[in-house]
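Participant: Sharing model_11.csv here; it has CSV, C-alpha atoms and all ligand atoms.
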```
chain,number,residue,atom,x,y,z
A,1,MET,CA,85.9,110.7,108.1
A,2,THR,CA,88.1,113.6,109.2
A,3,ALA,CA,90.5,114.3,106.2
A,4,ALA,CA,93.3,115.5,108.5
A,5,SER,CA,93.6,115.6,112.2
A,6,GLY,CA,96.2,116.0,114.9
A,7,ALA,CA,94.1,114.2,117.4
A,8,THR,CA,95.8,111.6,119.7
A,9,ALA,CA,93.6,108.7,120.7
A,10,SER,CA,93.6,106.0,123.3
A,11,GLY,CA,94.5,108.2,126.3
A,12,GLY,CA,97.9,109.4,125.1
A,13,ARG,CA,99.3,105.9,124.4
A,14,GLU,CA,100.3,107.0,120.9
A,15,PRO,CA,104.0,107.3,120.1
A,16,GLY,CA,104.4,111.1,120.1
A,17,ILE,CA,101.9,113.1,118.1
A,18,VAL,CA,100.4,111.1,115.4
A,19,ARG,CA,98.7,113.0,112.6
A,20,TYR,CA,96.4,111.3,110.2
A,21,ARG,CA,95.7,112.4,106.6
A,22,PRO,CA,94.9,110.8,103.2
A,23,ALA,CA,98.0,109.3,101.5
A,24,ARG,CA,99.7,111.0,98.6
A,25,PRO,CA,100.5,108.8,95.5
A,26,ASP,CA,104.3,109.1,96.2
A,27,GLU,CA,103.8,107.6,99.7
A,28,LEU,CA,102.5,104.2,98.5
A,29,THR,CA,105.9,102.6,98.4
A,30,THR,CA,106.5,103.6,102.1
A,31,CYS,CA,103.1,102.0,102.9
A,32,ALA,CA,104.0,98.8,101.1
A,33,GLU,CA,107.3,98.7,103.1
A,34,ILE,CA,105.3,99.0,106.3
A,35,TRP,CA,103.0,96.2,105.1
A,36,ARG,CA,106.0,94.0,104.4
A,37,ASP,CA,107.9,94.8,107.6
A,38,SER,CA,104.9,94.5,110.0
A,39,ILE,CA,104.0,91.1,108.5
A,40,ASN,CA,107.5,89.8,108.5
A,41,ASP,CA,107.9,90.8,112.1
A,42,TYR,CA,105.4,88.1,113.2
A,43,ILE,CA,105.4,85.5,110.5
A,44,VAL,CA,109.1,84.7,110.5
A,45,GLY,CA,108.8,83.7,114.2
A,46,LEU,CA,106.0,81.3,113.2
A,47,GLY,CA,108.3,79.6,110.7
A,48,GLN,CA,106.7,81.1,107.6
A,49,PRO,CA,108.5,82.5,104.6
A,50,GLU,CA,109.2,86.2,104.5
A,51,ILE,CA,107.2,88.5,102.2
A,52,PRO,CA,109.4,88.9,99.1
A,53,GLN,CA,111.2,92.2,98.4
A,54,ASP,CA,109.4,92.8,95.1
A,55,LEU,CA,106.4,95.0,95.9
A,56,GLY,CA,105.1,95.4,92.3
A,57,SER,CA,101.8,93.7,92.6
A,58,ILE,CA,100.9,95.1,96.1
A,59,LEU,CA,101.8,98.6,94.8
A,60,ARG,CA,99.4,98.2,91.9
A,61,LEU,CA,96.7,97.2,94.3
A,62,TYR,CA,97.5,100.3,96.5
A,63,ASP,CA,97.2,102.5,93.4
A,64,HIS,CA,93.8,101.0,92.7
A,65,LEU,CA,92.6,101.3,96.3
A,66,ARG,CA,93.8,104.9,96.6
A,67,ALA,CA,92.4,105.9,93.2
A,68,SER,CA,89.0,104.4,93.9
A,69,ASP,CA,88.7,105.7,97.5
A,70,PRO,CA,91.3,108.4,98.2
A,71,ASP,CA,89.9,109.7,101.5
A,72,ARG,CA,90.0,106.2,103.0
A,73,PHE,CA,93.6,105.5,102.2
A,74,VAL,CA,95.1,107.1,105.3
A,75,VAL,CA,98.6,107.5,106.7
A,76,GLY,CA,99.7,108.1,110.3
A,77,LEU,CA,102.7,110.3,110.7
A,78,VAL,CA,105.0,111.2,113.7
A,79,PRO,CA,107.3,114.2,113.9
A,80,ASP,CA,110.9,113.4,112.8
A,81,PRO,CA,113.3,116.3,112.4
A,82,SER,CA,115.8,114.0,110.6
A,83,VAL,CA,113.6,113.7,107.4
A,84,VAL,CA,112.9,116.3,104.7
A,85,ASP,CA,109.2,116.9,105.5
A,86,GLY,CA,109.8,116.7,109.3
A,87,GLU,CA,107.4,113.8,109.5
A,88,ARG,CA,107.6,110.1,109.1
A,89,ILE,CA,104.9,107.6,108.1
A,90,VAL,CA,104.6,104.9,110.7
A,91,ALA,CA,101.3,103.3,109.8
A,92,PHE,CA,98.5,103.3,107.2
A,93,ALA,CA,95.1,101.9,106.5
A,94,SER,CA,93.0,101.6,103.4
A,95,ALA,CA,89.3,100.9,103.1
A,96,VAL,CA,87.0,101.0,100.1
A,97,LEU,CA,83.3,101.7,99.9
A,98,ARG,CA,81.4,99.6,97.3
A,99,GLU,CA,77.7,100.5,97.4
A,100,ARG,CA,76.7,99.6,101.0
A,101,LEU,CA,79.9,97.5,101.7
A,102,TRP,CA,82.8,99.1,103.6
A,103,TYR,CA,85.8,96.8,103.3
A,104,LEU,CA,89.0,97.4,105.2
A,105,SER,CA,91.6,96.2,102.8
A,106,MET,CA,94.8,97.2,104.8
A,107,CYS,CA,95.7,98.3,108.3
A,108,PHE,CA,99.4,98.1,109.3
A,109,VAL,CA,101.5,99.7,112.0
A,110,LEU,CA,105.3,99.5,112.2
A,111,PRO,CA,106.2,97.0,114.9
A,112,GLU,CA,107.9,99.5,117.2
A,113,VAL,CA,104.7,101.6,117.5
A,114,GLN,CA,102.1,98.7,117.7
A,115,GLY,CA,99.9,98.3,120.7
A,116,ARG,CA,99.7,102.1,121.4
A,117,GLY,CA,96.4,103.0,119.9
A,118,VAL,CA,97.5,103.8,116.3
A,119,GLY,CA,95.6,100.9,114.7
A,120,ARG,CA,92.4,101.9,116.5
A,121,SER,CA,92.8,105.5,115.3
A,122,LEU,CA,93.4,104.4,111.8
A,123,LEU,CA,90.2,102.4,111.8
A,124,ALA,CA,88.3,105.5,112.8
A,125,HIS,CA,90.0,107.7,110.2
A,126,SER,CA,89.3,105.3,107.3
A,127,GLY,CA,85.8,104.5,108.5
A,128,PRO,CA,82.5,104.4,106.6
A,129,PRO,CA,80.1,107.3,106.4
A,130,PRO,CA,77.7,107.5,109.4
A,131,GLY,CA,74.4,105.7,108.9
A,132,ASP,CA,72.8,102.3,109.6
A,133,ASP,CA,72.9,100.9,106.2
A,134,VAL,CA,76.7,100.2,105.8
A,135,VAL,CA,78.1,96.7,106.3
A,136,ARG,CA,81.7,96.7,107.6
A,137,ALA,CA,84.0,93.8,106.7
A,138,THR,CA,87.6,92.9,106.5
A,139,ALA,CA,90.0,89.9,106.4
A,140,THR,CA,92.5,89.0,109.1
A,141,ASP,CA,95.3,86.6,109.6
A,142,SER,CA,94.1,83.8,112.0
A,143,ALA,CA,97.6,83.8,113.5
A,144,GLN,CA,97.3,87.5,114.6
A,145,PRO,CA,95.3,88.1,117.8
A,146,ILE,CA,95.8,91.9,117.9
A,147,SER,CA,94.0,92.6,114.6
A,148,ASN,CA,91.2,90.0,115.3
A,149,ALA,CA,90.6,91.5,118.8
A,150,LEU,CA,90.8,95.1,117.5
A,151,TYR,CA,88.2,94.7,114.8
A,152,ALA,CA,86.0,92.4,116.9
A,153,SER,CA,85.9,95.0,119.6
A,154,VAL,CA,84.0,97.3,117.2
A,155,GLY,CA,81.7,94.5,116.0
A,156,ILE,CA,83.7,93.3,112.9
A,157,THR,CA,83.9,89.7,114.2
A,158,PRO,CA,85.8,86.8,112.6
A,159,ARG,CA,83.1,84.6,110.9
A,160,LEU,CA,84.5,82.5,108.1
A,161,PRO,CA,87.9,80.9,107.2
A,162,LEU,CA,89.3,81.8,103.8
A,163,LEU,CA,91.6,79.0,102.7
A,164,ASN,CA,94.6,79.4,100.3
A,165,PHE,CA,95.3,76.6,97.9
A,166,ILE,CA,98.4,76.3,95.6
A,167,GLY,CA,99.2,73.9,92.9
A,168,HIS,CA,98.0,72.3,89.6
A,169,PRO,CA,95.0,70.2,88.8
A,170,MET,CA,97.0,67.0,88.5
A,171,ARG,CA,93.7,65.1,88.7
A,172,PRO,CA,91.4,67.4,86.7
A,173,GLU,CA,88.6,64.8,86.9
A,174,ALA,CA,88.1,65.7,90.5
A,175,LEU,CA,86.9,69.1,89.3
A,176,GLY,CA,84.8,67.7,86.5
A,177,SER,CA,83.7,69.5,83.4
A,178,LEU,CA,81.0,72.1,82.8
A,179,PRO,CA,77.4,70.6,82.7
A,180,SER,CA,76.1,70.2,79.2
A,181,GLY,CA,74.4,73.4,78.0
A,182,ILE,CA,76.7,75.7,80.0
A,183,ARG,CA,78.9,77.7,77.6
A,184,PRO,CA,81.9,79.7,78.6
A,185,VAL,CA,82.3,82.9,76.6
A,186,PRO,CA,85.5,84.9,77.0
A,187,PHE,CA,85.0,88.5,78.2
A,188,ASP,CA,87.2,89.6,75.3
A,189,GLU,CA,84.7,88.2,72.8
A,190,LEU,CA,81.7,89.8,74.5
A,191,ALA,CA,83.4,93.2,74.9
A,192,GLY,CA,85.0,93.1,71.4
A,193,GLY,CA,83.5,96.3,70.2
A,194,PRO,CA,84.5,99.9,71.1
A,195,PRO,CA,84.7,100.8,74.8
A,196,GLY,CA,81.3,101.9,76.0
A,197,GLY,CA,79.6,99.9,73.1
A,198,ASP,CA,76.7,97.4,73.5
A,199,GLY,CA,79.0,94.4,74.2
A,200,HIS,CA,80.7,96.2,77.1
A,201,ALA,CA,77.5,97.5,78.6
A,202,GLN,CA,75.8,94.0,78.4
A,203,LEU,CA,78.8,92.3,80.0
A,204,ALA,CA,79.1,94.9,82.8
A,205,ALA,CA,75.3,94.6,83.5
A,206,ALA,CA,75.6,90.7,83.7
A,207,VAL,CA,78.6,90.9,86.0
A,208,ASP,CA,77.0,93.5,88.2
A,209,ALA,CA,73.9,91.4,88.5
A,210,LEU,CA,75.9,88.2,89.4
A,211,ASP,CA,77.9,90.2,92.0
A,212,ARG,CA,74.7,91.7,93.6
A,213,GLU,CA,73.2,88.2,93.9
A,214,SER,CA,76.2,86.5,95.4
A,215,LEU,CA,78.4,89.2,97.0
A,216,GLY,CA,75.5,91.5,97.9
A,217,VAL,CA,77.0,94.5,96.0
A,218,ALA,CA,78.4,95.3,92.6
A,219,HIS,CA,81.9,96.6,92.2
A,220,PRO,CA,82.6,97.5,88.6
A,221,LEU,CA,85.7,99.6,89.6
A,222,ASP,CA,87.4,96.4,90.8
A,223,HIS,CA,86.5,94.5,87.6
A,224,ARG,CA,88.3,97.3,85.6
A,225,TYR,CA,91.3,96.8,87.9
A,226,LEU,CA,91.3,93.0,87.3
A,227,ARG,CA,91.3,93.4,83.6
A,228,GLN,CA,94.2,95.9,83.9
A,229,GLU,CA,96.0,93.3,85.9
A,230,GLY,CA,95.6,90.8,83.0
A,231,ARG,CA,93.1,88.5,84.6
A,232,ARG,CA,91.1,86.8,81.9
A,233,GLY,CA,87.4,86.6,82.4
A,234,TRP,CA,84.7,84.2,81.2
A,235,LEU,CA,80.9,84.6,81.4
A,236,TYR,CA,79.1,81.3,81.7
A,237,ARG,CA,75.7,81.2,79.9
A,238,GLY,CA,73.0,78.6,80.4
A,239,PRO,CA,71.1,76.8,77.7
A,240,ASP,CA,68.8,79.7,77.3
A,241,GLY,CA,71.7,82.2,77.0
A,242,VAL,CA,71.1,83.7,80.4
A,243,PRO,CA,74.4,84.4,82.4
A,244,VAL,CA,74.7,81.9,85.3
A,245,GLY,CA,78.2,82.8,86.5
A,246,TYR,CA,81.5,84.4,85.7
A,247,GLY,CA,85.1,83.6,86.7
A,248,TYR,CA,88.7,84.9,86.2
A,249,ALA,CA,92.1,83.3,86.0
A,250,THR,CA,95.5,84.6,84.9
A,251,GLU,CA,98.8,83.3,83.7
A,252,ALA,CA,100.3,84.6,86.9
A,253,GLY,CA,98.3,81.8,88.5
A,254,ARG,CA,95.6,83.7,90.3
A,255,VAL,CA,92.1,82.2,90.1
A,256,GLY,CA,89.1,84.4,91.0
A,257,PRO,CA,86.9,86.2,91.6
A,258,VAL,CA,84.1,83.7,90.7
A,259,ALA,CA,80.4,84.4,91.1
A,260,VAL,CA,77.7,81.8,90.4
A,261,ARG,CA,73.9,81.8,90.5
A,262,ASP,CA,73.8,78.1,91.6
A,263,ALA,CA,76.5,76.8,94.1
A,264,ASP,CA,76.7,73.5,92.1
A,265,LEU,CA,78.5,75.4,89.3
A,266,LEU,CA,81.4,76.5,91.4
A,267,VAL,CA,83.4,73.2,91.1
A,268,PRO,CA,83.1,72.8,87.4
A,269,ILE,CA,83.9,76.4,86.8
A,270,LEU,CA,87.1,76.0,88.8
A,271,GLY,CA,87.8,73.0,86.6
A,272,HIS,CA,87.2,75.1,83.5
A,273,LEU,CA,89.3,78.1,84.7
A,274,THR,CA,92.3,75.9,85.7
A,275,GLY,CA,92.1,74.0,82.4
A,276,ALA,CA,91.7,77.1,80.2
A,277,ILE,CA,94.9,78.9,81.4
A,278,THR,CA,98.4,77.5,81.6
A,279,PRO,CA,100.0,79.4,84.5
A,280,ARG,CA,103.7,80.4,84.4
A,281,GLY,CA,104.1,78.8,87.9
A,282,ALA,CA,101.4,77.3,90.2
A,283,PHE,CA,97.8,78.3,90.5
A,284,ALA,CA,96.7,80.1,93.7
A,285,LEU,CA,93.1,80.4,94.8
A,286,TRP,CA,91.2,81.5,97.9
A,287,LEU,CA,88.2,79.4,99.0
A,288,PRO,CA,85.8,80.3,101.8
A,289,GLY,CA,85.0,77.4,104.1
A,290,THR,CA,81.4,77.6,103.0
A,291,ALA,CA,82.4,76.6,99.5
A,292,ASP,CA,82.9,73.2,101.0
A,293,ARG,CA,82.5,71.1,97.8
A,294,SER,CA,85.1,73.2,96.1
A,295,VAL,CA,87.5,72.6,99.0
A,296,VAL,CA,87.0,68.9,98.8
A,297,ALA,CA,87.4,69.0,95.0
A,298,VAL,CA,90.6,71.1,94.8
A,299,LEU,CA,92.2,68.8,97.4
A,300,GLY,CA,91.1,65.8,95.3
A,301,ALA,CA,92.6,67.5,92.2
A,302,GLY,CA,96.0,67.7,93.9
A,303,PHE,CA,96.1,71.3,95.3
A,304,ARG,CA,97.9,71.9,98.6
A,305,MET,CA,96.6,74.0,101.4
A,306,ASP,CA,99.0,76.9,102.1
A,307,GLN,CA,99.7,78.8,105.3
A,308,PHE,CA,97.4,79.8,108.1
A,309,PRO,CA,93.7,80.4,107.2
A,310,ILE,CA,92.7,84.0,106.7
A,311,LEU,CA,89.5,85.0,108.6
A,312,LEU,CA,86.7,86.9,106.9
A,313,CYS,CA,85.1,89.3,109.4
A,314,TRP,CA,81.9,91.3,109.2
A,315,ASP,CA,79.5,93.1,111.5
A,316,ARG,CA,76.3,91.7,109.7
A,317,PRO,CA,75.6,89.2,106.9
A,318,PHE,CA,75.9,90.6,103.4
A,319,ALA,CA,77.2,87.9,101.0
A,320,ASP,CA,76.7,84.2,100.1
A,321,PHE,CA,80.2,82.8,100.2
A,322,SER,CA,79.1,79.5,98.9
A,323,ARG,CA,78.5,81.3,95.6
A,324,TYR,CA,81.3,83.9,95.6
A,325,LEU,CA,85.0,83.5,95.6
A,326,PRO,CA,86.9,86.7,96.4
A,327,ILE,CA,89.7,88.4,94.5
A,328,SER,CA,92.0,88.1,97.4
A,329,PRO,CA,92.0,88.9,101.2
A,330,GLY,CA,92.8,92.5,100.2
A,331,LEU,CA,89.8,93.1,98.0
A,332,LEU,CA,86.6,91.1,97.8
B,1,LIG,C1,97.0,94.9,113.8
B,1,LIG,C2,97.5,96.3,114.0
B,1,LIG,C3,97.2,97.1,112.7
B,1,LIG,C4,96.8,96.9,115.2
B,1,LIG,O1,97.4,98.2,115.4
B,1,LIG,P1,97.9,98.6,116.8
B,1,LIG,O2,98.3,100.0,116.8
B,1,LIG,O3,99.0,97.6,117.2
B,1,LIG,O4,96.6,98.4,117.7
B,1,LIG,P2,96.0,99.3,118.8
B,1,LIG,O5,97.0,99.5,119.9
B,1,LIG,O6,95.4,100.5,118.2
B,1,LIG,O7,94.8,98.4,119.3
B,1,LIG,C5,94.9,97.1,119.7
B,1,LIG,C6,93.7,96.8,120.6
B,1,LIG,O8,93.5,95.4,120.6
B,1,LIG,C7,93.6,95.0,122.0
B,1,LIG,N1,94.2,93.7,122.0
B,1,LIG,C8,95.5,93.3,121.5
B,1,LIG,N2,95.6,92.0,121.7
B,1,LIG,C9,94.5,91.5,122.2
B,1,LIG,C10,94.1,90.2,122.6
B,1,LIG,N3,94.9,89.2,122.5
B,1,LIG,N4,92.9,90.1,123.2
B,1,LIG,C11,92.1,91.2,123.3
B,1,LIG,N5,92.4,92.4,123.0
B,1,LIG,C12,93.6,92.6,122.5
B,1,LIG,C13,94.4,96.0,122.7
B,1,LIG,O9,94.2,96.0,124.0
B,1,LIG,C14,93.9,97.3,122.0
B,1,LIG,O10,92.7,97.6,122.5
B,1,LIG,P3,92.4,99.0,123.4
B,1,LIG,O11,92.6,100.1,122.4
B,1,LIG,O12,91.0,98.8,123.8
B,1,LIG,O13,93.5,98.9,124.4
B,1,LIG,C15,99.1,96.2,114.2
B,1,LIG,O14,99.3,95.6,115.4
B,1,LIG,C16,99.8,95.5,113.1
B,1,LIG,O15,100.1,96.2,112.1
B,1,LIG,N6,100.1,94.2,113.3
B,1,LIG,C17,100.9,93.4,112.3
B,1,LIG,C18,100.2,93.3,111.0
B,1,LIG,C19,98.8,92.9,111.0
B,1,LIG,O16,98.4,91.9,111.4
B,1,LIG,N7,97.9,93.8,110.4
B,1,LIG,C20,96.5,93.6,110.3
B,1,LIG,C21,96.2,92.8,109.1
B,1,LIG,S1,94.6,92.2,109.1
```
Could you quickly redo this structure as structure tokens?
Ligand SMILES: CC(C)(COP(=O)(O)OP(=O)(O)OC[C@H]1O[C@@H](n2cnc3c(N)ncnc32)[C@H](O)[C@@H]1OP(=O)(O)O)[C@@H](O)C(=O)NCCC(=O)NCCS
Facilitator:
Amino acid sequence: MTAASGATASGGREPGIVRYRPARPDELTTCAEIWRDSINDYIVGLGQPEIPQDLGSILRLYDHLRASDPDRFVVGLVPDPSVVDGERIVAFASAVLRERLWYLSMCFVLPEVQGRGVGRSLLAHSGPPPGDDVVRATATDSAQPISNALYASVGITPRLPLLNFIGHPMRPEALGSLPSGIRPVPFDELAGGPPGGDGHAQLAAAVDALDRESLGVAHPLDHRYLRQEGRRGWLYRGPDGVPVGYGYATEAGRVGPVAVRDADLLVPILGHLTGAITPRGAFALWLPGTADRSVVAVLGAGFRMDQFPILLCWDRPFADFSRYLPISPGLL
């Protein structure tokens, strides 16, 4: 991508001169406010609750996204003589490259400058390196035609619903228990030695292999972020000791990511994760529509479906979403 550019796109529809450049760390709070304001602008009218004022967890995600792919965390600025730097951020996008997968994590434009070409320009400025081998993917709100149309116009088409479930396993028998011979081992136990020691290396290799089999790419940087966020991981070993899956859950209630070698293991692993952790509030998990048995099972266990589905979009197949549950819509 172009690191900094004063180009205006879309035939001069842009609101004044928009300059694009990589974001600085001290600009992430402004980006999070744009995220909140541009979402609230349309969800409130749909009768949905506003995004809360506390931006703590989204800011930690932004820190991670920027740190792991700084050139693809891009802000759009317009001239504004009333502010100290003479420019004001009106939009931003963030994408990350994980092996051959380019994932657009965020793309938000302030409501007053939407529909004037800024989103399309941000897409270009945060884009993948040229070449045939990169898969482009993102997640959109099914209630938002602009983003779905914008990404689809460049081939990143909505393909698969991602459903959000909230609640507690009030009827845990609907999720069942792990098949005999499958043993959950906490990541902490496996990586108990010094950083960089054998335990760490073996765990990282097992997780990377499971990710490549199910998600199509490994993403060790994101696993480091998950552990910093306090998500607790388990590696599931088969009777012969071979890793057959992994999964995370946290006391904040997040469940996922989960990767399994055999799709039949997804439901019992969800049962294990939601039984192993006592969340401070409710559990929240994201299930792709292709993880159909898990969808049936969590509803049977008493979880409630929440809000409009998110849509996973991509330009060509790359993952088996019957065997992989993502971290969140913002980061696979
Ligand atoms: C989605 C968003 C980032 C797009 O940015 P934007 O600056 O408004 O979009 P642009 O003007 O660059 O492009 C929109 C394109 O979609 C097209 N479009 C919009 N609605 C459409 C529809 N219903 N059907 C077909 N095309 C449509 C526009 O014509 C335009 O295409 P063009 O450049 O060929 O004219 C911005 O509107 C936004 O922040 N929305 C609210 C939050 C959100 O949903 N963010 C995305 C999260 S996934």
Participant: Find the residues near ligand LIG 1 (chain B). Use a cut-off of 9 Å, count only C-alpha atoms and all ligand atoms, and write them as a PyMOL selection string.
Facilitator: chain A and resi 9-10+13-14+34-42+91-93+104-111+113-123+138-153+310-311+329
Participant: For atom CA of A:Gly302 and atom CA of A:His168, determine how far apart the two atoms are, in Å to one decimal place.
Facilitator: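 Those two atoms sit 6.6 Å apart.
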Participant: So, counting all atoms listed in the file, which residue among A:Val96, A:Ile156, A:Leu101, A:Val84 is closest to A:Asp133?
Facilitator: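 Counting all atoms listed in the file, the residue closest to A:Asp133 is A:Leu101.
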Participant: With distances taken over only C-alpha atoms, which residue among A:His272, A:Arg316, A:Arg98, A:His125 lies nearest A:Ala23?
Facilitator: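 Under the stated criterion, the closest residue is A:His125.
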Participant: By how many Å are atom CA of A:Arg72 and atom CA of A:Gly16 apart?
Facilitator: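 One can read the atom CA of A:Arg72 to atom CA of A:Gly16 distance as 22.9 Å.
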Participant: As a list of chain:residue names, please: the residues near A:Arg254 (cut-off 10 Å, only C-alpha atoms, same-chain neighbours under 2 positions excluded).
Facilitator: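 Counting only the stated atoms, we get A:Ile166, A:Arg231, A:Tyr248, A:Ala249, A:Thr250, A:Glu251, A:Ala252, A:Gly256, A:Pro257, A:Thr274, A:Pro279, A:Ala282, A:Phe283, A:Ala284, A:Leu285, A:Trp286, A:Ile327, A:Ser328.
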Participant: Taking into account all atoms listed in the file, which residue in the set A:Pro52, A:Gly45, A:Gly330, A:Pro172 is nearest to A:Leu65?
Facilitator: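 Selected residue with least distance to A:Leu65: A:Gly330.
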Participant: Can you list, as a PyMOL selection string, every protein, DNA or RNA residue that comes within 12 Å of A:Asp80 when you count only C-alpha atoms, leaving out same-chain residues fewer than 5 positions away?
Facilitator: chain A and resi 15-18+85-90
Participant: Find the residues around A:Asp264 up to 12 Å (only C-alpha atoms counted), leave out those fewer than 5 positions away in its own chain, and share them as an MDAnalysis selection string.
Facilitator: chainID A and resid 175:179 244:245 259 269:270 291:294 297 322:324
Participant: Take the residues just selected and output them with C-alpha atoms as a PDB file, in the coordinates of the input.
Facilitator:
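Final file, result-v9.pdb:
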```pdb
ATOM      1  CA  LEU A 175      86.900  69.100  89.300  1.00  0.00           C
ATOM      2  CA  GLY A 176      84.800  67.700  86.500  1.00  0.00           C
ATOM      3  CA  SER A 177      83.700  69.500  83.400  1.00  0.00           C
ATOM      4  CA  LEU A 178      81.000  72.100  82.800  1.00  0.00           C
ATOM      5  CA  PRO A 179      77.400  70.600  82.700  1.00  0.00           C
ATOM      6  CA  VAL A 244      74.700  81.900  85.300  1.00  0.00           C
ATOM      7  CA  GLY A 245      78.200  82.800  86.500  1.00  0.00           C
ATOM      8  CA  ALA A 259      80.400  84.400  91.100  1.00  0.00           C
ATOM      9  CA  ILE A 269      83.900  76.400  86.800  1.00  0.00           C
ATOM     10  CA  LEU A 270      87.100  76.000  88.800  1.00  0.00           C
ATOM     11  CA  ALA A 291      82.400  76.600  99.500  1.00  0.00           C
ATOM     12  CA  ASP A 292      82.900  73.200 101.000  1.00  0.00           C
ATOM     13  CA  ARG A 293      82.500  71.100  97.800  1.00  0.00           C
ATOM     14  CA  SER A 294      85.100  73.200  96.100  1.00  0.00           C
ATOM     15  CA  ALA A 297      87.400  69.000  95.000  1.00  0.00           C
ATOM     16  CA  SER A 322      79.100  79.500  98.900  1.00  0.00           C
ATOM     17  CA  ARG A 323      78.500  81.300  95.600  1.00  0.00           C
ATOM     18  CA  TYR A 324      81.300  83.900  95.600  1.00  0.00           C
TER      19      TYR A 324
END
```
Participant: Just want the 8 Å neighbourhood of A:Leu235, counted on all atoms listed in the file, with same-chain residues fewer than 5 positions away dropped. Output as a ChimeraX atom specification.
Facilitator: /A:184-187,243-247
Participant: What does the distance from atom CA of A:Arg136 to atom CA of A:Pro220 come to in Å, to one decimal?
Facilitator: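 Straight-line distance from atom CA of A:Arg136 to atom CA of A:Pro220 works out to 19.0 Å.
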Participant: Residues within 7 Å of stretch 54-64 of chain A, please, as a PDB file with C-alpha atoms, keeping the file's coordinate frame. Count all atoms listed in the file; anything in the same chain fewer than 6 positions from it doesn't count.
Facilitator:
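Ended up saving to out.pdb:
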```
ATOM      1  CA  LEU A  28     102.500 104.200  98.500  1.00  0.00           C
ATOM      2  CA  THR A  29     105.900 102.600  98.400  1.00  0.00           C
ATOM      3  CA  ALA A  32     104.000  98.800 101.100  1.00  0.00           C
ATOM      4  CA  TYR A 225      91.300  96.800  87.900  1.00  0.00           C
TER       5      TYR A 225
END
```
Participant: For A:Gly233, which of A:Asp198, A:Asp188, A:Asp71, A:Asp262 is the closest residue, counting all atoms listed in the file?
Facilitator: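 Using all atoms listed in the file, A:Gly233 sits closest to A:Asp188.
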Participant: Using only C-alpha atoms, which of A:Phe321, A:Tyr20, A:Trp234, A:Phe165 sits nearest A:Gly76?
Facilitator: A:Tyr20
Participant: With all atoms listed in the file as the atoms that count, which of A:Val83, A:Ala174, A:Ala209, A:Leu46 lies nearest to A:Ala301?
Facilitator: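 Going through A:Val83, A:Ala174, A:Ala209, A:Leu46 one by one, the smallest distance to A:Ala301 is for A:Ala174.
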